[in-house]
file entry30.cif (mmCIF, C-alpha atoms and all ligand atoms)
data_data
#
loop_
_atom_site.label_atom_id
_atom_site.label_comp_id
_atom_site.auth_asym_id
_atom_site.auth_seq_id
_atom_site.Cartn_x
_atom_site.Cartn_y
_atom_site.Cartn_z
CA MET A 1 20.07 -15.67 11.68
CA THR A 2 16.42 -14.71 12.01
CA VAL A 3 14.87 -11.75 10.21
CA LEU A 4 11.44 -10.34 10.93
CA LEU A 5 9.99 -9.13 7.65
CA LEU A 6 6.97 -6.85 7.98
CA GLY A 7 5.13 -7.65 4.79
CA GLY A 8 1.96 -7.31 2.78
CA THR A 9 3.61 -6.19 -0.48
CA GLY A 10 5.07 -7.82 -3.57
CA GLU A 11 8.52 -6.59 -2.54
CA ALA A 12 8.19 -8.35 0.81
CA ARG A 13 7.32 -11.61 -0.93
CA ARG A 14 10.25 -11.27 -3.34
CA LEU A 15 12.60 -10.49 -0.46
CA ALA A 16 11.38 -13.55 1.47
CA GLU A 17 11.96 -15.67 -1.65
CA ASP A 18 15.48 -14.31 -2.14
CA LEU A 19 16.45 -14.75 1.52
CA ALA A 20 15.06 -18.30 1.78
CA GLY A 21 17.87 -20.75 2.53
CA GLN A 22 20.20 -18.00 3.77
CA PHE A 23 18.20 -16.62 6.70
CA ARG A 24 15.30 -17.77 8.82
CA VAL A 25 12.61 -15.34 7.70
CA ILE A 26 9.43 -14.71 9.67
CA SER A 27 7.02 -12.71 7.51
CA SER A 28 4.38 -10.73 9.36
CA LEU A 29 1.08 -9.89 7.66
CA ALA A 30 -1.55 -7.46 8.88
CA GLY A 31 -4.34 -9.93 8.07
CA ARG A 32 -6.41 -7.54 5.96
CA VAL A 33 -7.25 -10.05 3.21
CA ARG A 34 -8.78 -13.49 3.69
CA GLU A 35 -6.57 -15.26 1.16
CA PRO A 36 -3.23 -13.43 1.12
CA ARG A 37 -0.47 -14.34 -1.29
CA LEU A 38 1.86 -16.00 1.19
CA PRO A 39 5.64 -15.72 0.98
CA PRO A 40 7.89 -18.75 1.48
CA GLY A 41 9.14 -19.36 5.01
CA GLU A 42 7.35 -18.82 8.30
CA THR A 43 4.45 -16.40 8.58
CA ARG A 44 2.51 -14.80 11.41
CA THR A 45 -0.70 -12.82 10.94
CA GLY A 46 -2.39 -9.91 12.74
CA GLY A 47 -1.34 -6.82 14.67
CA PHE A 48 1.20 -7.08 17.47
CA GLY A 49 -0.81 -4.88 19.83
CA GLY A 50 0.82 -1.47 19.39
CA ARG A 51 4.32 -0.54 20.56
CA ALA A 52 4.09 -2.50 23.81
CA GLY A 53 2.91 -5.60 21.96
CA PHE A 54 5.65 -5.29 19.34
CA ARG A 55 8.30 -4.93 22.03
CA THR A 56 6.98 -8.00 23.85
CA TRP A 57 6.97 -9.99 20.61
CA LEU A 58 10.58 -9.05 19.83
CA GLU A 59 11.65 -9.86 23.38
CA SER A 60 10.05 -13.31 23.08
CA ASN A 61 11.26 -13.89 19.51
CA PRO A 62 14.82 -12.56 19.25
CA VAL A 63 15.74 -11.49 15.70
CA SER A 64 18.96 -10.23 14.12
CA ALA A 65 17.18 -7.55 12.09
CA VAL A 66 13.75 -6.17 11.23
CA ILE A 67 12.93 -5.18 7.66
CA ASP A 68 9.78 -3.16 7.10
CA ALA A 69 8.48 -3.86 3.60
CA THR A 70 4.90 -2.82 4.37
CA HIS A 71 2.74 -0.72 2.09
CA PRO A 72 3.95 2.91 1.77
CA PHE A 73 0.75 4.03 3.54
CA ALA A 74 1.11 1.63 6.50
CA ALA A 75 2.58 4.49 8.54
CA THR A 76 1.50 3.25 11.97
CA MET A 77 3.27 -0.08 11.59
CA THR A 78 6.40 1.64 10.30
CA ALA A 79 6.40 4.15 13.19
CA THR A 80 5.99 1.33 15.71
CA ALA A 81 8.77 -0.74 14.18
CA ALA A 82 11.16 2.23 13.96
CA ALA A 83 10.59 3.24 17.58
CA VAL A 84 10.78 -0.22 19.15
CA THR A 85 13.81 -1.44 17.18
CA ALA A 86 15.63 1.77 18.19
CA GLU A 87 14.76 1.11 21.86
CA LEU A 88 16.00 -2.48 21.64
CA GLY A 89 19.04 -1.75 19.46
CA ILE A 90 17.91 -4.05 16.64
CA PRO A 91 19.09 -3.17 13.09
CA PHE A 92 16.09 -1.78 11.19
CA LEU A 93 15.54 -1.09 7.51
CA VAL A 94 12.58 0.22 5.54
CA LEU A 95 12.22 -1.19 2.02
CA ARG A 96 10.04 1.37 0.23
CA ARG A 97 9.46 1.26 -3.51
CA PRO A 98 9.76 4.69 -5.20
CA GLY A 99 6.62 6.75 -5.65
CA TRP A 100 5.06 7.42 -9.04
CA GLN A 101 6.37 10.25 -11.24
CA GLU A 102 4.19 12.53 -13.34
CA THR A 103 5.05 12.41 -17.06
CA PRO A 104 4.06 14.64 -20.00
CA GLY A 105 0.34 14.29 -20.71
CA ASP A 106 -0.54 13.61 -17.07
CA ASN A 107 -2.89 15.91 -15.18
CA TRP A 108 -2.19 15.11 -11.54
CA HIS A 109 -3.40 16.99 -8.47
CA TRP A 110 -1.41 16.15 -5.34
CA VAL A 111 -3.26 16.17 -2.00
CA GLY A 112 -2.16 15.42 1.54
CA SER A 113 -4.86 12.94 2.56
CA VAL A 114 -7.94 11.07 1.35
CA THR A 115 -10.06 13.65 3.20
CA GLU A 116 -8.42 16.37 1.11
CA ALA A 117 -8.99 14.23 -2.00
CA ALA A 118 -12.71 14.00 -1.19
CA ALA A 119 -12.93 17.77 -0.63
CA SER A 120 -11.28 18.46 -3.99
CA LEU A 121 -13.66 16.37 -6.11
CA PRO A 122 -16.24 17.94 -8.43
CA ALA A 123 -19.66 16.22 -8.48
CA THR A 124 -18.89 13.77 -11.25
CA ARG A 125 -18.08 10.12 -12.02
CA VAL A 126 -15.09 9.09 -9.91
CA PHE A 127 -12.91 5.97 -9.96
CA LEU A 128 -11.68 5.37 -6.38
CA THR A 129 -8.64 3.12 -5.96
CA THR A 130 -7.65 4.20 -2.47
CA GLY A 131 -8.70 0.95 -0.75
CA ARG A 132 -11.89 -0.14 0.97
CA GLU A 133 -10.89 1.30 4.34
CA GLU A 134 -10.82 4.80 2.86
CA LEU A 135 -14.37 4.79 1.43
CA GLU A 136 -15.68 6.46 4.58
CA ALA A 137 -13.93 9.70 3.59
CA PHE A 138 -16.18 9.87 0.49
CA ALA A 139 -19.40 8.63 2.16
CA HIS A 140 -20.97 12.09 2.49
CA LEU A 141 -20.68 12.89 -1.24
CA ASP A 142 -24.25 12.14 -2.37
CA THR A 143 -24.06 14.06 -5.66
CA HIS A 144 -21.07 12.05 -6.96
CA TRP A 145 -21.04 8.61 -8.57
CA PHE A 146 -18.23 6.25 -7.53
CA LEU A 147 -16.61 3.19 -8.99
CA ALA A 148 -14.45 1.57 -6.29
CA ARG A 149 -12.10 -1.36 -6.56
CA SER A 150 -10.86 -3.38 -3.61
CA VAL A 151 -9.61 -6.86 -2.79
CA GLU A 152 -12.19 -7.49 -0.07
CA PRO A 153 -15.80 -6.20 0.03
CA PRO A 154 -16.06 -2.77 1.72
CA GLU A 155 -18.22 -2.12 4.75
CA PRO A 156 -20.29 0.97 5.62
CA PRO A 157 -20.02 3.88 5.87
CA MET A 158 -19.58 4.27 2.13
CA PRO A 159 -20.97 6.52 -0.61
CA ARG A 160 -24.62 6.10 -1.64
CA ASN A 161 -23.93 6.02 -5.40
CA LEU A 162 -21.29 3.33 -5.49
CA LYS A 163 -20.40 0.39 -7.69
CA VAL A 164 -17.79 -1.96 -6.20
CA ILE A 165 -15.49 -4.21 -8.22
CA LEU A 166 -13.62 -6.89 -6.28
CA ASP A 167 -10.25 -7.46 -7.89
CA ARG A 168 -6.54 -7.41 -7.10
CA GLY A 169 -3.58 -6.41 -9.27
CA PRO A 170 -1.62 -6.63 -11.40
CA PHE A 171 -3.85 -4.78 -13.87
CA THR A 172 -3.13 -4.05 -17.54
CA ALA A 173 -3.50 -0.66 -19.23
CA ASP A 174 -5.95 -2.15 -21.76
CA ASN A 175 -8.21 -3.45 -19.01
CA GLU A 176 -8.02 -0.18 -17.11
CA LEU A 177 -8.88 1.72 -20.27
CA THR A 178 -11.91 -0.49 -20.92
CA LEU A 179 -13.02 -0.12 -17.30
CA MET A 180 -12.73 3.66 -17.33
CA ARG A 181 -14.42 4.04 -20.71
CA SER A 182 -17.28 1.65 -19.98
CA HIS A 183 -18.07 3.50 -16.73
CA ASN A 184 -17.52 6.93 -18.25
CA VAL A 185 -15.05 7.79 -15.47
CA LYS A 186 -14.16 11.51 -15.27
CA VAL A 187 -11.65 11.54 -12.38
CA LEU A 188 -9.29 8.93 -10.90
CA VAL A 189 -8.39 9.01 -7.20
CA THR A 190 -5.35 7.07 -6.03
CA LYS A 191 -2.69 6.92 -3.37
CA ASP A 192 0.95 7.24 -4.44
CA SER A 193 1.53 3.53 -3.88
CA GLY A 194 4.27 3.32 -6.52
CA GLY A 195 5.34 0.12 -8.27
CA THR A 196 4.05 -1.59 -11.39
CA MET A 197 1.27 -3.76 -9.93
CA THR A 198 -1.32 -0.97 -10.02
CA SER A 199 0.26 1.72 -12.20
CA ALA A 200 -1.69 0.82 -15.37
CA LYS A 201 -4.59 3.02 -14.21
CA LEU A 202 -2.29 6.04 -14.51
CA THR A 203 -1.41 5.12 -18.10
CA ALA A 204 -5.10 4.69 -18.87
CA ALA A 205 -6.00 8.03 -17.23
CA ARG A 206 -3.37 9.77 -19.39
CA HIS A 207 -4.81 8.08 -22.45
CA VAL A 208 -8.41 9.18 -21.80
CA GLU A 209 -7.15 12.58 -20.59
CA ILE A 210 -8.84 12.60 -17.21
CA PRO A 211 -7.38 14.26 -14.09
CA VAL A 212 -5.86 12.17 -11.31
CA VAL A 213 -6.16 13.15 -7.65
CA ILE A 214 -3.14 11.53 -6.00
CA VAL A 215 -2.58 11.29 -2.26
CA ARG A 216 0.97 12.00 -1.08
CA ARG A 217 2.72 9.35 1.00
CA PRO A 218 3.07 9.80 4.73
CA PRO A 219 6.69 10.69 5.59
CA LEU A 220 9.03 8.05 6.99
CA PRO A 221 10.03 8.42 10.63
CA GLU A 222 13.22 10.41 11.14
CA ASP A 223 16.57 8.65 11.25
CA VAL A 224 15.48 5.40 9.60
CA THR A 225 17.52 3.84 6.82
CA SER A 226 15.46 3.15 3.73
CA VAL A 227 16.21 1.53 0.38
CA PRO A 228 14.11 1.38 -2.79
CA THR A 229 14.79 -2.17 -4.03
CA VAL A 230 14.82 -5.76 -2.85
CA GLN A 231 18.44 -6.09 -4.00
CA ALA A 232 19.50 -3.11 -1.87
CA ALA A 233 17.68 -4.60 1.13
CA ILE A 234 19.61 -7.86 0.73
CA SER A 235 22.92 -5.94 0.58
CA TRP A 236 21.98 -3.97 3.70
CA LEU A 237 21.08 -7.15 5.56
CA LYS A 238 24.34 -8.87 4.67
CA ASN A 239 26.31 -5.83 5.88
CA SER A 240 24.27 -5.36 9.06
CA VAL A 241 24.15 -8.78 10.72
P1 LIG A 301 -1.13 0.79 9.46
O1 LIG A 301 -2.11 1.89 9.63
O2 LIG A 301 0.30 1.12 9.51
O3 LIG A 301 -1.39 -0.41 10.47
C1 LIG A 301 -2.42 -0.44 11.40
C2 LIG A 301 -2.13 -1.60 12.30
O4 LIG A 301 -2.20 -2.83 11.59
C3 LIG A 301 -0.72 -1.57 12.87
O5 LIG A 301 -0.64 -0.69 13.97
C4 LIG A 301 -0.52 -3.02 13.23
O6 LIG A 301 -1.30 -3.35 14.37
C5 LIG A 301 -1.20 -3.72 12.07
N1 LIG A 301 -0.27 -4.03 10.99
C6 LIG A 301 -0.03 -3.35 9.84
N2 LIG A 301 0.86 -3.98 9.07
C7 LIG A 301 1.21 -5.10 9.77
C8 LIG A 301 2.09 -6.18 9.49
N3 LIG A 301 2.80 -6.26 8.34
N4 LIG A 301 2.19 -7.17 10.44
C9 LIG A 301 1.48 -7.11 11.59
N5 LIG A 301 0.62 -6.12 11.88
C10 LIG A 301 0.49 -5.14 10.98
O7 LIG A 301 -1.41 0.07 8.08
P2 LIG A 301 -2.73 -0.61 7.50
O8 LIG A 301 -3.94 -0.24 8.33
O9 LIG A 301 -2.45 -2.05 7.28
O10 LIG A 301 -2.81 0.07 6.11
C11 LIG A 301 -2.84 1.47 5.94
C12 LIG A 301 -3.07 1.72 4.49
O11 LIG A 301 -2.05 1.04 3.74
C13 LIG A 301 -4.40 1.15 4.03
O12 LIG A 301 -5.38 2.11 4.00
C14 LIG A 301 -4.06 0.64 2.65
O13 LIG A 301 -4.34 1.64 1.72
C15 LIG A 301 -2.60 0.44 2.62
N6 LIG A 301 -2.27 -0.98 2.44
C16 LIG A 301 -1.81 -1.74 3.48
C17 LIG A 301 -1.48 -3.09 3.27
C18 LIG A 301 -0.98 -3.99 4.38
O14 LIG A 301 -0.70 -5.19 4.09
N7 LIG A 301 -0.82 -3.53 5.61
C19 LIG A 301 -1.60 -3.62 1.98
C20 LIG A 301 -2.06 -2.81 0.96
C21 LIG A 301 -2.38 -1.50 1.20
P3 LIG A 301 -0.68 -3.33 15.86
O15 LIG A 301 -0.54 -1.90 16.23
O16 LIG A 301 -1.71 -4.06 16.66
O17 LIG A 301 0.63 -4.05 15.80
#
call {"tool": "encode", "arguments": {"input": "entry30.cif", "output": "structure tokens"}}
result
Amino acid sequence: MTVLLLGGTGEARRLAEDLAGQFRVISSLAGRVREPRLPPGETRTGGFGGRAGFRTWLESNPVSAVIDATHPFAATMTATAAAVTAELGIPFLVLRRPGWQETPGDNWHWVGSVTEAAASLPATRVFLTTGREELEAFAHLDTHWFLARSVEPPEPPMPRNLKVILDRGPFTADNELTLMRSHNVKVLVTKDSGGTMTSAKLTAARHVEIPVVIVRRPPLPEDVTSVPTVQAAISWLKNSV
């Protein structure tokens, strides 16, 4: 049995590890980072070429199921996979880790997009953790100072007053605290990625009592089945094929 696993997340890697030996797993990566953490099994890299390209790929590479374990903000890939698997009658599951929950002591401001996040920011010292491809939304803010962290170096357009740190999770709360204090950060901007790999910044923000501007997740397409854990995805797969 062959499973196409749309990956790029820690959950996708764990799922590929757990399925190894039981299923033939082809993990698909977007190809955003030069040295990705590769899952076991077969991998393919790069976009499929929209809906038509994805359909052609599935017609040439028959699979028993498609599991979408992409990042919660990879909405285009998820929409493509949902639509094409429905057309072809292929079982389809979205594995989506739960979003983050506000706890006492947090000061979170939910927004609908990075553009809205940019519009909501006072002219101050901002820690941006929304990813290098989102820096453009903040590029016009000349009176702000930004600290941005990304896995790969960002490319213009980007803000004028910007310090970039190249790093990838997991991060610890102590390190995040040191980073925020040493740069005198006054606001944190993040997407609601969920999970533990990058949640330490939220703990640190609570500790230093700074507000967090948090971008809401895009909704899942209608009528797709989704589960929150790798274990639940394995159960679904075993019941579906
Ligand atoms: P997207 O907007 O859903 O994807 C854009 C295109 O990239 C898709 O249409 C598809 O190209 C290709 N693609 C995405 N995931 C793929 C996969 N697993 N295998 C093959 N092709 C894939 O998502 P995104 O641009 O990758 O990311 C959107 C946001 O998600 C980013 O701003 C970032 O914050 C976050 N994110 C994504 C990843 C990731 O691995 N994708 C990791 C961390 C964070 P075609 O239409 O040509 O098929």
call {"tool": "axis_aligned_box", "arguments": {"input": "entry30.cif", "around": "ligand LIG 301 (chain A)", "padding_each_side": "8 Å", "output": "JSON"}}
result
{"center_x": -1.3, "center_y": -2.5, "center_z": 8.8, "size_x": 24.2, "size_y": 25.3, "size_z": 31.7}
call {"tool": "residues_around", "arguments": {"input": "entry30.cif", "residues": "A:Glu152", "least_positions_apart": "3", "cutoff": "12 Å", "atoms": "all atoms listed in the file", "output": "VMD selection string"}}
result
chain A and resid 31 to 36 131 to 133 148 to 149 155 164 to 168
call {"tool": "closest_residue", "arguments": {"input": "entry30.cif", "among": "A:Asp106, A:Pro170, A:Ile90, A:Val151", "to": "A:Val208", "atoms": "only C-alpha atoms"}}
result
A:Asp106
call {"tool": "residues_around", "arguments": {"input": "entry30.cif", "residues": "A:Glu17", "least_positions_apart": "3", "cutoff": "8 Å", "atoms": "all atoms listed in the file", "output": "ChimeraX atom specification"}}
result
/A:13-14,20,39-40
call {"tool": "residues_near_point", "arguments": {"input": "entry30.cif", "point": "(20.6, 0.3, -0.3)", "cutoff": "12 Å", "atoms": "all atoms listed in the file", "output": "JSON, numbers by chain"}}
result
{"A": [93, 94, 95, 96, 97, 225, 226, 227, 228, 229, 230, 231, 232, 233, 234, 235, 236, 237, 238, 239, 240]}
call {"tool": "residues_near_ligand", "arguments": {"input": "entry30.cif", "ligand": "ligand LIG 301 (chain A)", "cutoff": "6 Å", "atoms": "all atoms listed in the file", "output": "VMD selection string"}}
result
chain A and resid 6 to 8 28 to 30 46 to 50 70 to 71 73 to 77 130 to 131 133
call {"tool": "atom_distance", "arguments": {"input": "entry30.cif", "atom1": "atom CA of A:Leu188", "atom2": "atom CA of A:Leu121"}}
result
9.9 Å
call {"tool": "residues_around", "arguments": {"input": "entry30.cif", "residues": "A:Gly41", "least_positions_apart": "4", "cutoff": "12 Å", "atoms": "only C-alpha atoms", "output": "count of residues only"}}
result
21
call {"tool": "residues_around", "arguments": {"input": "entry30.cif", "residues": "A:Met197", "least_positions_apart": "3", "cutoff": "10 Å", "atoms": "all atoms listed in the file", "output": "VMD selection string"}}
result
chain A and resid 10 168 to 172 193 to 194 200 to 201
call {"tool": "atom_distance", "arguments": {"input": "entry30.cif", "atom1": "atom CA of A:Pro211", "atom2": "atom CA of A:Phe127"}}
result
10.8 Å
call {"tool": "atom_distance", "arguments": {"input": "entry30.cif", "atom1": "atom CA of A:Val185", "atom2": "atom CA of A:Val126"}}
result
5.7 Å
call {"tool": "residues_near_point", "arguments": {"input": "entry30.cif", "point": "(12.7, -1.3, 12.1)", "cutoff": "6 Å", "atoms": "all atoms listed in the file", "output": "PyMOL selection string"}}
result
chain A and resi 66-67+81-82+85+92-93
call {"tool": "closest_residue", "arguments": {"input": "entry30.cif", "among": "A:Ala86, A:Ala173, A:Met158, A:Leu141", "to": "A:His207", "atoms": "all atoms listed in the file"}}
result
A:Ala173
call {"tool": "closest_residue", "arguments": {"input": "entry30.cif", "among": "A:Ser60, A:Ala83, A:Asp68, A:Asp174", "to": "A:Asp223", "atoms": "all atoms listed in the file"}}
result
A:Ala83
call {"tool": "closest_residue", "arguments": {"input": "entry30.cif", "among": "A:Glu87, A:Val212, A:Asp142, A:Pro218", "to": "A:His109", "atoms": "only C-alpha atoms"}}
result
A:Val212
call {"tool": "closest_residue", "arguments": {"input": "entry30.cif", "among": "A:Glu42, A:Glu59, A:Glu209, A:Asp192", "to": "A:Gly105", "atoms": "all atoms listed in the file"}}
result
A:Glu209
call {"tool": "closest_residue", "arguments": {"input": "entry30.cif", "among": "A:Glu176, A:Glu136, A:Glu11, A:Glu222", "to": "A:Thr115", "atoms": "all atoms listed in the file"}}
result
A:Glu136
call {"tool": "residues_around", "arguments": {"input": "entry30.cif", "residues": "A:Ile210", "least_positions_apart": "3", "cutoff": "7 Å", "atoms": "all atoms listed in the file", "output": "VMD selection string"}}
result
chain A and resid 186 to 187 205 to 206
call {"tool": "build_atoms", "arguments": {"input": "entry30.cif", "residues": "stretch 107-124 of chain A", "atoms": "N, CA and C atoms", "output": "PDB file, in the frame of the given file"}}
result
ATOM      1  N   ASN A 107      -2.238  14.770 -15.822  1.00  0.00           N
ATOM      2  CA  ASN A 107      -2.890  15.910 -15.180  1.00  0.00           C
ATOM      3  C   ASN A 107      -3.174  15.504 -13.741  1.00  0.00           C
ATOM      4  N   TRP A 108      -2.113  15.602 -12.926  1.00  0.00           N
ATOM      5  CA  TRP A 108      -2.190  15.110 -11.540  1.00  0.00           C
ATOM      6  C   TRP A 108      -2.381  16.274 -10.576  1.00  0.00           C
ATOM      7  N   HIS A 109      -3.176  15.995  -9.532  1.00  0.00           N
ATOM      8  CA  HIS A 109      -3.400  16.990  -8.470  1.00  0.00           C
ATOM      9  C   HIS A 109      -3.025  16.323  -7.152  1.00  0.00           C
ATOM     10  N   TRP A 110      -1.902  16.769  -6.569  1.00  0.00           N
ATOM     11  CA  TRP A 110      -1.410  16.150  -5.340  1.00  0.00           C
ATOM     12  C   TRP A 110      -2.183  16.684  -4.142  1.00  0.00           C
ATOM     13  N   VAL A 111      -2.582  15.768  -3.240  1.00  0.00           N
ATOM     14  CA  VAL A 111      -3.260  16.170  -2.000  1.00  0.00           C
ATOM     15  C   VAL A 111      -2.595  15.438  -0.832  1.00  0.00           C
ATOM     16  N   GLY A 112      -2.859  15.946   0.374  1.00  0.00           N
ATOM     17  CA  GLY A 112      -2.160  15.420   1.540  1.00  0.00           C
ATOM     18  C   GLY A 112      -2.857  14.250   2.223  1.00  0.00           C
ATOM     19  N   SER A 113      -4.118  13.997   1.868  1.00  0.00           N
ATOM     20  CA  SER A 113      -4.860  12.940   2.560  1.00  0.00           C
ATOM     21  C   SER A 113      -6.086  12.560   1.727  1.00  0.00           C
ATOM     22  N   VAL A 114      -6.709  11.441   2.070  1.00  0.00           N
ATOM     23  CA  VAL A 114      -7.940  11.070   1.350  1.00  0.00           C
ATOM     24  C   VAL A 114      -9.062  12.059   1.663  1.00  0.00           C
ATOM     25  N   THR A 115      -9.042  12.640   2.854  1.00  0.00           N
ATOM     26  CA  THR A 115     -10.060  13.650   3.200  1.00  0.00           C
ATOM     27  C   THR A 115      -9.926  14.850   2.267  1.00  0.00           C
ATOM     28  N   GLU A 116      -8.676  15.260   2.034  1.00  0.00           N
ATOM     29  CA  GLU A 116      -8.420  16.370   1.110  1.00  0.00           C
ATOM     30  C   GLU A 116      -8.825  15.977  -0.325  1.00  0.00           C
ATOM     31  N   ALA A 117      -8.591  14.713  -0.671  1.00  0.00           N
ATOM     32  CA  ALA A 117      -8.990  14.230  -2.000  1.00  0.00           C
ATOM     33  C   ALA A 117     -10.502  14.361  -2.151  1.00  0.00           C
ATOM     34  N   ALA A 118     -11.242  13.938  -1.137  1.00  0.00           N
ATOM     35  CA  ALA A 118     -12.710  14.000  -1.190  1.00  0.00           C
ATOM     36  C   ALA A 118     -13.175  15.453  -1.333  1.00  0.00           C
ATOM     37  N   ALA A 119     -12.530  16.355  -0.588  1.00  0.00           N
ATOM     38  CA  ALA A 119     -12.930  17.770  -0.630  1.00  0.00           C
ATOM     39  C   ALA A 119     -12.643  18.398  -1.982  1.00  0.00           C
ATOM     40  N   SER A 120     -11.689  17.843  -2.720  1.00  0.00           N
ATOM     41  CA  SER A 120     -11.280  18.460  -3.990  1.00  0.00           C
ATOM     42  C   SER A 120     -12.112  17.984  -5.173  1.00  0.00           C
ATOM     43  N   LEU A 121     -12.985  16.999  -4.963  1.00  0.00           N
ATOM     44  CA  LEU A 121     -13.660  16.370  -6.110  1.00  0.00           C
ATOM     45  C   LEU A 121     -14.877  17.151  -6.588  1.00  0.00           C
ATOM     46  N   PRO A 122     -14.986  17.401  -7.899  1.00  0.00           N
ATOM     47  CA  PRO A 122     -16.240  17.940  -8.430  1.00  0.00           C
ATOM     48  C   PRO A 122     -17.301  16.840  -8.412  1.00  0.00           C
ATOM     49  N   ALA A 123     -18.579  17.217  -8.484  1.00  0.00           N
ATOM     50  CA  ALA A 123     -19.660  16.220  -8.480  1.00  0.00           C
ATOM     51  C   ALA A 123     -19.703  15.542  -9.844  1.00  0.00           C
ATOM     52  N   THR A 124     -18.979  14.444  -9.953  1.00  0.00           N
ATOM     53  CA  THR A 124     -18.890  13.770 -11.250  1.00  0.00           C
ATOM     54  C   THR A 124     -18.693  12.276 -11.044  1.00  0.00           C
TER      55      THR A 124
END
